[in-house]
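Pasted below: data-v3.txt, compact mmCIF, C-alpha atoms.
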```txt
# COMPACT_ATOMS: atom_id res chain seq x y z
CA GLN K 1 -2.50 -19.20 -294.65
CA LYS K 2 -3.31 -22.55 -296.09
CA LEU K 3 -6.88 -23.71 -295.80
CA SER K 4 -8.10 -27.24 -295.66
CA GLU K 5 -9.07 -27.08 -299.35
CA GLY K 6 -5.55 -26.13 -300.36
CA ARG K 7 -6.35 -22.58 -301.44
CA VAL K 8 -4.16 -19.69 -300.43
CA LEU K 9 -5.49 -16.37 -299.21
CA HIS K 10 -3.09 -13.51 -299.87
CA ALA K 11 -2.59 -10.98 -297.10
CA SER K 12 -2.97 -8.18 -299.58
CA ARG K 13 -6.64 -8.98 -300.00
CA ILE K 14 -7.34 -8.50 -296.24
CA PRO K 15 -8.33 -4.91 -295.41
CA ALA K 16 -5.89 -3.08 -293.21
CA ASN K 17 -8.43 -2.42 -290.51
CA ALA K 18 -9.84 -5.97 -290.50
CA LEU K 19 -8.05 -7.00 -287.33
CA SER K 20 -9.25 -3.98 -285.37
CA GLN K 21 -12.86 -4.31 -286.39
CA LYS K 22 -15.21 -6.43 -284.28
CA ARG K 23 -16.74 -9.31 -286.04
CA PRO K 24 -20.53 -9.12 -285.92
CA GLN K 25 -21.95 -11.92 -283.83
CA ARG K 26 -24.35 -14.21 -285.52
CA PRO K 27 -27.50 -15.22 -283.64
CA LEU K 28 -27.26 -18.62 -282.10
CA SER K 29 -29.14 -21.26 -283.86
CA ARG K 30 -31.93 -23.04 -282.03
CA SER K 31 -29.86 -26.18 -281.85
CA ARG K 32 -27.08 -24.38 -279.99
CA VAL K 33 -29.33 -22.81 -277.32
CA SER K 34 -29.05 -24.81 -274.07
CA ARG K 35 -32.35 -25.91 -272.59
CA ARG K 36 -33.14 -27.23 -269.10
CA TYR K 37 -33.86 -30.92 -269.09
CA GLU K 38 -37.52 -31.74 -268.61
CA PRO K 39 -38.46 -35.37 -267.92
CA THR K 40 -40.93 -37.02 -270.20
CA MET K 41 -44.31 -38.27 -269.09
CA ALA K 42 -43.05 -41.88 -268.96
CA GLU K 43 -40.09 -40.90 -266.76
CA THR K 44 -42.38 -39.00 -264.41
CA LYS K 45 -44.60 -42.02 -263.86
CA ASN K 46 -41.70 -44.46 -263.50
CA PRO K 47 -38.71 -42.57 -262.06
CA PRO K 48 -35.34 -44.35 -262.26
CA LYS K 49 -34.33 -46.27 -259.10
CA THR K 50 -31.45 -44.85 -257.17
CA PRO K 51 -29.08 -47.55 -255.90
CA SER K 52 -29.06 -47.65 -252.06
CA LYS K 53 -26.46 -48.95 -249.68
CA GLY K 54 -27.18 -52.21 -247.92
CA LYS K 55 -30.11 -54.49 -248.39
CA LYS K 56 -33.46 -52.99 -249.23
CA ARG K 57 -36.51 -54.42 -247.53
CA PRO K 58 -39.08 -55.67 -250.02
CA SER K 59 -42.27 -53.69 -250.08
CA SER K 60 -44.27 -56.77 -249.11
CA ALA K 61 -42.28 -57.29 -245.84
CA ALA K 62 -44.28 -56.96 -242.64
CA VAL K 63 -43.45 -54.04 -240.36
CA VAL K 64 -42.40 -55.30 -236.90
CA THR K 65 -43.15 -53.06 -233.94
CA PRO K 66 -40.33 -53.17 -231.34
CA GLN K 67 -41.47 -54.70 -228.07
CA PRO K 68 -40.28 -53.45 -224.66
CA LYS K 69 -37.44 -55.46 -223.17
CA LYS K 70 -38.62 -58.02 -220.69
CA THR K 71 -37.22 -57.60 -217.21
CA LYS K 72 -36.53 -60.62 -215.11
CA ASP K 73 -38.48 -60.67 -211.88
CA VAL K 74 -36.11 -60.80 -208.91
CA PRO K 75 -37.49 -62.38 -205.72
CA PRO K 76 -37.54 -59.99 -202.74
CA GLY K 77 -35.09 -62.16 -200.80
CA GLU K 78 -32.63 -62.15 -203.69
CA ALA K 79 -32.79 -58.37 -203.97
CA LYS K 80 -32.04 -58.03 -200.26
CA TRP K 81 -29.09 -60.39 -200.52
CA LYS K 82 -27.54 -58.53 -203.46
CA ASN K 83 -28.05 -55.23 -201.69
CA ALA K 84 -26.31 -56.49 -198.54
CA MET K 85 -23.31 -57.85 -200.43
CA SER K 86 -22.97 -54.69 -202.53
CA ILE K 87 -22.98 -52.58 -199.37
CA PHE K 88 -20.19 -54.70 -197.92
CA ARG K 89 -18.07 -54.18 -201.06
CA LYS K 90 -18.41 -50.40 -200.82
CA PHE K 91 -16.56 -50.23 -197.51
CA GLU K 92 -12.83 -50.44 -197.10
CA PRO K 93 -11.65 -53.76 -195.62
CA GLY K 94 -11.01 -53.72 -191.92
CA LEU K 95 -9.71 -56.33 -189.55
CA GLY K 96 -10.96 -59.87 -189.08
CA HIS K 97 -12.13 -62.16 -191.87
CA ASP K 98 -13.09 -59.49 -194.41
CA GLY K 99 -10.07 -59.48 -196.69
CA THR K 100 -7.01 -58.18 -194.83
CA GLY K 101 -7.17 -60.18 -191.65
CA LEU K 102 -5.35 -63.36 -190.81
CA TYR K 103 -7.78 -65.74 -192.44
CA GLY K 104 -9.43 -63.84 -195.28
CA THR K 105 -13.13 -63.42 -195.88
CA LEU K 106 -15.96 -65.83 -196.51
CA THR K 107 -17.03 -65.80 -200.11
CA ASN K 108 -20.60 -64.81 -200.76
CA ALA K 109 -21.45 -68.33 -201.90
CA THR K 110 -19.99 -69.97 -198.77
CA LEU K 111 -21.67 -67.45 -196.51
CA ARG K 112 -25.04 -67.98 -198.13
CA ARG K 113 -24.75 -71.76 -198.02
CA MET K 114 -23.91 -71.60 -194.32
CA LEU K 115 -26.85 -69.33 -193.52
CA GLU K 116 -29.30 -71.36 -195.59
CA ARG K 117 -28.25 -74.54 -193.78
CA CYS K 118 -28.87 -72.75 -190.50
CA ASP K 119 -32.34 -71.79 -191.78
CA VAL K 120 -32.20 -68.31 -190.25
CA VAL K 121 -35.63 -67.16 -191.45
CA GLY K 122 -37.62 -65.79 -188.50
CA LYS K 123 -34.89 -66.75 -186.01
CA THR K 124 -32.28 -64.91 -183.95
CA HIS K 125 -28.89 -65.42 -185.52
CA VAL K 126 -25.70 -65.10 -183.47
CA ASP K 127 -22.28 -64.94 -185.12
CA VAL K 128 -19.33 -65.57 -182.81
CA GLY K 129 -16.08 -64.09 -184.07
CA ALA K 130 -18.14 -61.73 -186.22
CA ALA K 131 -15.30 -59.41 -187.32
CA ASP K 132 -17.02 -56.48 -189.09
CA GLY K 133 -20.44 -58.11 -189.38
CA LYS K 134 -20.68 -59.44 -192.94
CA VAL K 135 -22.48 -62.53 -191.61
CA LEU K 136 -24.97 -60.31 -189.79
CA LEU K 137 -25.77 -58.39 -192.98
CA GLY K 138 -26.30 -61.65 -194.84
CA ALA K 139 -28.48 -63.15 -192.10
CA THR K 140 -30.70 -60.08 -192.04
CA ALA K 141 -31.02 -60.16 -195.83
CA LEU K 142 -32.10 -63.81 -195.74
CA GLY K 143 -34.87 -63.18 -193.22
CA ALA K 144 -33.39 -63.42 -189.73
CA LYS K 145 -35.55 -61.74 -187.10
CA HIS K 146 -32.54 -60.48 -185.09
CA ALA K 147 -28.80 -60.59 -185.73
CA TYR K 148 -26.10 -60.29 -183.05
CA GLY K 149 -22.33 -60.52 -183.38
CA LEU K 150 -19.63 -61.10 -180.76
CA GLU K 151 -16.09 -60.02 -181.64
CA ILE K 152 -12.93 -59.89 -179.54
CA SER K 153 -11.26 -57.11 -181.61
CA GLY K 154 -11.54 -53.36 -181.10
CA PRO K 155 -14.41 -50.87 -181.57
CA ALA K 156 -13.47 -49.79 -185.11
CA LEU K 157 -15.25 -52.87 -186.47
CA ALA K 158 -18.46 -51.91 -184.67
CA THR K 159 -18.33 -48.44 -186.24
CA LYS K 160 -17.96 -49.95 -189.68
CA PHE K 161 -20.79 -52.40 -189.11
CA GLU K 162 -23.16 -49.69 -187.89
CA ALA K 163 -22.53 -47.67 -191.04
CA MET K 164 -23.26 -50.70 -193.23
CA ARG K 165 -26.33 -51.58 -191.18
CA ASP K 166 -27.75 -48.07 -191.49
CA MET K 167 -27.20 -48.08 -195.25
CA GLN K 168 -28.98 -51.43 -195.52
CA ALA K 169 -31.91 -50.09 -193.51
CA THR K 170 -32.48 -47.18 -195.90
CA LYS K 171 -33.60 -49.58 -198.64
CA PHE K 172 -34.84 -52.55 -196.61
CA PRO K 173 -35.92 -51.35 -193.16
CA SER K 174 -36.71 -53.93 -190.50
CA ASP K 175 -37.86 -53.93 -186.89
CA GLY K 176 -35.34 -56.50 -185.70
CA GLU K 177 -32.18 -55.86 -183.71
CA LYS K 178 -28.83 -55.82 -185.51
CA GLN K 179 -25.91 -55.25 -183.16
CA LEU K 180 -22.20 -56.03 -182.98
CA ALA K 181 -20.31 -56.08 -179.69
CA THR K 182 -16.54 -55.69 -179.99
CA GLY K 183 -13.91 -56.26 -177.32
CA THR K 184 -15.91 -59.26 -176.10
CA ASP K 185 -14.18 -62.46 -175.03
CA ILE K 186 -16.76 -65.22 -174.67
CA THR K 187 -14.59 -67.08 -172.16
CA GLU K 188 -14.95 -64.12 -169.78
CA LEU K 189 -18.73 -63.84 -169.95
CA ASP K 190 -20.70 -64.87 -166.87
CA GLY K 191 -23.50 -66.61 -168.73
CA SER K 192 -23.21 -70.27 -169.66
CA THR K 193 -25.74 -70.28 -172.54
CA VAL K 194 -26.02 -68.31 -175.77
CA GLU K 195 -29.23 -66.60 -174.66
CA ALA K 196 -27.48 -65.59 -171.45
CA TRP K 197 -24.69 -64.05 -173.51
CA LEU K 198 -27.24 -61.99 -175.46
CA ALA K 199 -28.88 -60.73 -172.28
CA GLU K 200 -25.53 -59.92 -170.68
CA THR K 201 -23.95 -58.22 -173.70
CA PHE K 202 -26.89 -56.60 -175.51
CA GLY K 203 -29.64 -56.58 -172.90
CA ALA K 204 -31.70 -58.75 -175.24
CA GLY K 205 -34.80 -60.22 -173.65
CA ASP K 206 -36.14 -63.70 -174.20
CA ASP K 207 -38.64 -63.42 -177.07
CA ASP K 208 -39.01 -67.20 -177.47
CA SER K 209 -37.48 -67.13 -180.96
CA GLU K 210 -35.15 -69.96 -181.86
CA ILE K 211 -31.44 -69.19 -182.08
CA THR K 212 -29.04 -70.16 -184.84
CA VAL K 213 -25.29 -69.82 -184.28
CA SER K 214 -22.39 -69.54 -186.70
CA ALA K 215 -18.66 -69.24 -186.10
CA VAL K 216 -15.63 -68.84 -188.32
CA TRP K 217 -13.33 -70.23 -185.68
CA HIS K 218 -9.98 -70.56 -187.42
CA GLY K 219 -8.40 -68.27 -184.86
CA PHE K 220 -10.20 -69.59 -181.80
CA ASN K 221 -8.01 -71.09 -179.10
CA THR K 222 -9.03 -74.31 -177.39
CA ASP K 223 -10.71 -72.52 -174.46
CA ALA K 224 -12.85 -70.41 -176.78
CA LYS K 225 -13.89 -73.46 -178.84
CA GLU K 226 -14.88 -75.44 -175.78
CA CYS K 227 -16.76 -72.45 -174.32
CA LEU K 228 -18.73 -71.94 -177.54
CA LEU K 229 -19.66 -75.60 -177.94
CA ALA K 230 -20.69 -75.87 -174.29
CA ALA K 231 -22.89 -72.77 -174.54
CA CYS K 232 -24.64 -74.15 -177.64
CA ALA K 233 -25.13 -77.57 -176.00
CA THR K 234 -26.74 -76.15 -172.85
CA SER K 235 -28.90 -73.49 -174.52
CA ALA K 236 -32.62 -74.21 -174.67
CA ARG K 237 -33.20 -71.96 -177.71
CA VAL K 238 -30.28 -72.93 -179.96
CA CYS K 239 -31.63 -75.14 -182.75
CA ARG K 240 -28.79 -75.06 -185.30
CA PHE K 241 -25.07 -74.44 -185.21
CA SER K 242 -22.71 -74.00 -188.17
CA LEU K 243 -18.92 -73.92 -188.16
CA ILE K 244 -16.51 -72.68 -190.78
CA GLY K 245 -13.18 -74.35 -190.15
CA PRO K 246 -10.22 -75.95 -191.90
CA ALA K 247 -11.85 -79.24 -192.89
CA LYS K 248 -8.59 -80.58 -194.34
CA ARG K 249 -6.84 -80.27 -190.98
CA GLU K 250 -7.28 -83.01 -188.42
CA TYR K 251 -8.83 -80.63 -185.92
CA GLY K 252 -11.25 -79.04 -188.43
CA GLY K 253 -13.45 -81.94 -189.48
CA PRO K 254 -16.90 -82.62 -187.97
CA GLU K 255 -15.72 -85.65 -186.00
CA ALA K 256 -12.87 -83.69 -184.43
CA VAL K 257 -15.26 -80.89 -183.52
CA ILE K 258 -17.64 -83.32 -181.82
CA ASP K 259 -14.79 -84.94 -179.90
```

Would you kindly transcribe this structure into structure tokens?
Amino acid sequence: QKLSEGRVLHASRIPANALSQKRPQRPLSRSRVSRRYEPTMAETKNPPKTPSKGKKRPSSAAVVTPQPKKTKDVPPGEAKWKNAMSIFRKFEPGLGHDGTGLYGTLTNATLRRMLERCDVVGKTHVDVGAADGKVLLGATALGAKHAYGLEISGPALATKFEAMRDMQATKFPSDGEKQLATGTDITELDGSTVEAWLAETFGAGDDDSEITVSAVWHGFNTDAKECLLAACATSARVCRFSLIGPAKREYGGPEAVID
């Protein structure tokens, strides 16, 4: 075997039992003994900074305490209105002007504008052609003392209205009357005034409250229109009357209605 110095070691000089003998282990020098790393005094006082993800807030930054979220105060009347309209949406559409009927429903905005123009607060509101009573729910929510509806269709609409009315009363109870009479043709009633209709149909007494009337009269025939207008004109308690009709048709404008 050639060594790095170029000398040659003959095999004859190696004892025969040299390969079988264990070489005595030399003690490890101090430099070869592994030692656990111990930080110096300077490193202990000023430890190295570990890089962090994202931006680090400076130590001088002020600590901001989270404030509770401000809730917007909702007026009582607004809460009642939203409750009434949400109740109406929970029920399946029926007949009349609530979505599947011949003329579709009043939007919430149109309904509210109509009732606010009637100024129903503290008054008895009567809706002629009431379908399933959405107008009655809205009138009650906006402060009507009583709400009555007259509808020519069958009793299923009254059942639906009573369920909605009872649900409304669980959150916003009131002492006023809220009733819907179905199968009622106003041209066949004996009374000639709106208050007479209420007494004849609902047994409602005269409580001296003013009456407001609304009608979505797209489907009214001429006799029904004339009967309604005559009853409003001769009633001593009716103070306001609002119509929803096809204003773009020649028979739907205010002048045509007055004629």

Contacts of K:Val128 at 7 Å or less, counting all atoms listed in the file, minus same-chain residues fewer than 4 places along, as an MDAnalysis selection string? chainID K and resid 149:151 214:215

Atom CA of K:Leu111 and atom CA of K:Pro246, how far apart in Å?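 Those two atoms sit 15.0 Å apart.
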
For stretch 145-162 of chain K, what centre and edge lengths in Å (one decimal) does the axis-aligned box get once 4 Å is added on each side of all its listed atoms, as AutoDock Vina command-line options?
```
--center_x -23.4 --center_y -55.1 --center_z -184.6 --size_x 32.3 --size_y 21.3 --size_z 18.1
```

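The two atoms in question, atom CA of K:Arg112 and atom CA of K:Arg240, are spaced 15.1 Å apart.
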
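Picture a line from atom CA of K:Ala204 to atom CA of K:Ser86; it runs 28.9 Å.
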
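Taking only C-alpha atoms into account, K:Glu226 lies nearest to K:Ser192 out of the set K:Ser209, K:Thr159, K:Ser192, K:Ser242.
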
Can you tell me which residues surround K:Gly205 at a distance of at most 12 Å, considering all atoms listed in the file, apart from same-chain residues fewer than 4 positions away, and format the answer as a list in words? Thr124, His146, Glu177, Glu195, Ala196, Trp197, Leu198, Ala199, Glu200, Thr201 and Ser209 of chain K

Pick from K:Ala130, K:Leu142, K:Cys227, K:Leu115, whichever lies nearest to K:Phe241 using only C-alpha atoms: K:Leu115
